[in-house]
Amino acid sequence: MANFSVPYLSRLEGGGFQPGQTVVLKGVQTGNVFSVLFLTGSAPETADAPLSVVVNQKEKHMYLNDRTNGKYGKEIKQKDPFKEGEPFDLRIRCHDNKFEIFTNLKHLADFEYRQPLNTINHLFVDGNIDISDVNWGGKYYPVPYQAGVEGGFTNGKKLFVSAFPEKKCENFTIQLLTANQNSYSFRFVADFKKKEIRCNANATATGEWGFEEKDAKFPFHTDQAFDILIDNEPTGYQVYVNNAHCCAFSHKSGEAVKGLKIEGDIILTGVHVK
């Protein structure tokens, strides 16, 4: 069942889209056509649309365009990557001069701006679609990236990380930091060369690294974006990649997590704790 009613219209708070931000739309295509429009006003039929994305199942294409004063510009046609009745993931990332379009976590196309990005103030979705998730946010994150966690990363909190690998990605790490310098409650390593996941910690009574836990079920691909969820449960950390369980790591000490650090050959598109 859809979590959002269609047609879906939302005002973008905080001044609209900014370079570095990403729109994520997830759901199931239930019929022939659905559309996603970035609008400069609240009237879907008449407002200018700096970006129009139309998916047509029968024609087997996705159409990218813009609309100014009621007239559409030059259409860009791509092969439809979605299938009716199956879940889909559509992501649109904003840059200084273009949108990047990702479908089912893979880069599909770029669309250069024909209208200023800062004129967009509404998002509109319509058509044969059940929407399970729609959100936008993020920024340009430096890598390595380090930040504190307000109130600590206590039991029940979740860390969400969205990114995509660089073309020659060798590895990346996500580390949960305690108040002590160079003390890690949890280190998650994704090794693209060995195709394995490694987990460890040194926030122990002795301060030494423990036994490294490995998992050969490698869920990452160099040509795909990914979402990671780290759930802090009472007995340990549960890690999910693209909504599928990846691994678990038991708590090694009672030291509170105060921050996080992300390093490696990736481009971050979103980091938040809730």
# chains A, B, ... in the order shown; residues from 1 in each chain; ligands from 1
>>> residues_around(residues="Glu196 in chain A", least_positions_apart="3", cutoff="7 Å", atoms="only C-alpha atoms", output="JSON, numbers by chain")
{"A": [190, 191, 192, 214, 215, 216, 217, 218]}
>>> write_last_selection(atoms="N, CA and C atoms", output="short mmCIF file (atom, residue, chain, number, x, y, z; two decimals), in the first residue's frame")
data_model
loop_
_atom_site.label_atom_id
_atom_site.label_comp_id
_atom_site.auth_asym_id
_atom_site.auth_seq_id
_atom_site.Cartn_x
_atom_site.Cartn_y
_atom_site.Cartn_z
N ALA A 190 34.24 -1.92 3.81
CA ALA A 190 33.81 -2.58 2.58
C ALA A 190 35.02 -2.62 1.65
N ASP A 191 35.54 -3.81 1.39
CA ASP A 191 36.75 -4.00 0.58
C ASP A 191 36.34 -4.50 -0.81
N PHE A 192 36.43 -3.60 -1.80
CA PHE A 192 36.00 -3.94 -3.15
C PHE A 192 36.97 -4.89 -3.84
N LYS A 214 34.59 -11.18 9.45
CA LYS A 214 34.50 -11.01 8.00
C LYS A 214 33.21 -11.63 7.48
N ASP A 215 32.73 -11.05 6.39
CA ASP A 215 31.54 -11.57 5.72
C ASP A 215 31.78 -11.47 4.22
N ALA A 216 31.73 -12.62 3.55
CA ALA A 216 32.02 -12.68 2.12
C ALA A 216 30.81 -12.34 1.25
N LYS A 217 29.66 -12.13 1.88
CA LYS A 217 28.47 -11.74 1.11
C LYS A 217 28.55 -10.25 0.83
N PHE A 218 29.21 -9.90 -0.27
CA PHE A 218 29.52 -8.50 -0.57
C PHE A 218 28.37 -7.88 -1.35
#
>>> residues_around(residues="Asp231 in chain A", least_positions_apart="6", cutoff="8 Å", atoms="only C-alpha atoms", output="list in words")
Gly156, Lys157, Lys158, Leu159, Tyr237, Gln238 and Val239 of chain A
>>> residues_around(residues="range 13-15 of chain A", least_positions_apart="2", cutoff="8 Å", atoms="only C-alpha atoms", output="PyMOL selection string")
chain A and resi 11+17+118+121
>>> atom_distance(atom1="CA of Cys199 in chain A", atom2="CA of Cys247 in chain A")
8.8 Å
>>> atom_distance(atom1="CA of Thr173 in chain A", atom2="CA of Cys94 in chain A")
25.4 Å
>>> atom_distance(atom1="CA of Thr269 in chain A", atom2="CA of Pro165 in chain A")
10.9 Å
>>> select_by_dssp(residues="range 203-268 of chain A", states="strand (DSSP E)", output="PDB file with C-alpha atoms, in the first residue's frame")
ATOM      1  CA  GLU A 213      34.818 -10.415  11.746  1.00  0.00           C
ATOM      2  CA  LYS A 214      34.501 -11.014   8.003  1.00  0.00           C
ATOM      3  CA  ASP A 215      31.539 -11.567   5.719  1.00  0.00           C
ATOM      4  CA  PHE A 226      23.851   2.397  -2.104  1.00  0.00           C
ATOM      5  CA  ASP A 227      22.081   3.059   1.185  1.00  0.00           C
ATOM      6  CA  ILE A 228      23.482   1.820   4.490  1.00  0.00           C
ATOM      7  CA  LEU A 229      21.530   1.671   7.744  1.00  0.00           C
ATOM      8  CA  ILE A 230      23.345   0.963  11.023  1.00  0.00           C
ATOM      9  CA  ASP A 231      20.857   0.208  13.797  1.00  0.00           C
ATOM     10  CA  ASN A 232      22.167   0.401  17.371  1.00  0.00           C
ATOM     11  CA  GLU A 233      20.355  -2.372  19.208  1.00  0.00           C
ATOM     12  CA  GLY A 236      25.000  -4.829  19.058  1.00  0.00           C
ATOM     13  CA  TYR A 237      24.919  -3.136  15.669  1.00  0.00           C
ATOM     14  CA  GLN A 238      22.758  -4.421  12.829  1.00  0.00           C
ATOM     15  CA  VAL A 239      23.852  -3.322   9.348  1.00  0.00           C
ATOM     16  CA  TYR A 240      21.531  -3.182   6.349  1.00  0.00           C
ATOM     17  CA  VAL A 241      22.522  -2.401   2.746  1.00  0.00           C
ATOM     18  CA  ALA A 244      18.714  -6.118   3.050  1.00  0.00           C
ATOM     19  CA  HIS A 245      20.473  -7.349   6.186  1.00  0.00           C
ATOM     20  CA  CYS A 246      24.248  -7.351   5.693  1.00  0.00           C
ATOM     21  CA  CYS A 247      25.886  -8.221   9.028  1.00  0.00           C
ATOM     22  CA  ALA A 248      25.733  -7.903  12.814  1.00  0.00           C
ATOM     23  CA  PHE A 249      28.415  -6.880  15.316  1.00  0.00           C
ATOM     24  CA  SER A 250      28.109  -7.305  19.080  1.00  0.00           C
ATOM     25  CA  VAL A 257      29.503   6.764  20.828  1.00  0.00           C
ATOM     26  CA  LYS A 258      29.961  10.509  20.356  1.00  0.00           C
ATOM     27  CA  GLY A 259      30.735  10.819  16.647  1.00  0.00           C
ATOM     28  CA  LEU A 260      31.305   9.163  13.301  1.00  0.00           C
ATOM     29  CA  LYS A 261      33.930   9.141  10.570  1.00  0.00           C
ATOM     30  CA  ILE A 262      33.542   8.062   6.933  1.00  0.00           C
ATOM     31  CA  GLU A 263      36.574   7.543   4.697  1.00  0.00           C
ATOM     32  CA  GLY A 264      37.458   5.938   1.377  1.00  0.00           C
ATOM     33  CA  ILE A 266      33.087   7.092  -2.286  1.00  0.00           C
ATOM     34  CA  ILE A 267      30.967  10.169  -2.983  1.00  0.00           C
ATOM     35  CA  LEU A 268      28.581  10.850  -0.122  1.00  0.00           C
TER      36      LEU A 268
END
>>> closest_residue(among="A:Phe111, A:Phe102, A:Phe153, A:Phe82", to="Asn32 in chain A", atoms="only C-alpha atoms")
A:Phe82
>>> residues_around(residues="Pro87 in chain A", least_positions_apart="4", cutoff="10 Å", atoms="only C-alpha atoms", output="ChimeraX atom specification")
/A:26-30,82-83,104,130-132
>>> residues_around(residues="Gly137 in chain A", least_positions_apart="6", cutoff="7 Å", atoms="only C-alpha atoms", output="count of residues only")
3
>>> closest_residue(among="A:Phe220, A:Val54, A:His95, A:Lys252", to="Glu208 in chain A", atoms="only C-alpha atoms")
A:Lys252
>>> closest_residue(among="A:Pro219, A:Pro7, A:Pro116, A:Gly31", to="Thr68 in chain A", atoms="only C-alpha atoms")
A:Pro116
>>> closest_residue(among="A:Gly127, A:Pro142, A:Gly73, A:Gly254", to="Thr154 in chain A", atoms="only C-alpha atoms")
A:Gly254
>>> residues_around(residues="Tyr113 in chain A", least_positions_apart="3", cutoff="9 Å", atoms="only C-alpha atoms", output="short mmCIF file (atom, residue, chain, number, x, y, z; two decimals) with C-alpha atoms, in the first residue's frame")
data_model
loop_
_atom_site.label_atom_id
_atom_site.label_comp_id
_atom_site.auth_asym_id
_atom_site.auth_seq_id
_atom_site.Cartn_x
_atom_site.Cartn_y
_atom_site.Cartn_z
CA PRO A 50 12.77 23.07 -14.94
CA LEU A 51 12.65 19.26 -15.03
CA ASP A 66 11.51 21.13 -19.28
CA ASP A 96 25.77 23.52 -10.33
CA ASN A 97 24.85 22.96 -13.99
CA LYS A 98 22.88 19.72 -14.30
CA PHE A 99 20.68 17.03 -12.80
CA PRO A 116 17.82 28.23 -12.77
CA LEU A 117 17.88 25.58 -10.04
#
>>> closest_residue(among="A:His251, A:Glu86, A:Glu150, A:Pro19", to="Val273 in chain A", atoms="only C-alpha atoms")
A:Glu150
>>> closest_residue(among="A:Asn171, A:Asn180, A:Ser253, A:Thr222", to="Thr204 in chain A", atoms="only C-alpha atoms")
A:Ser253
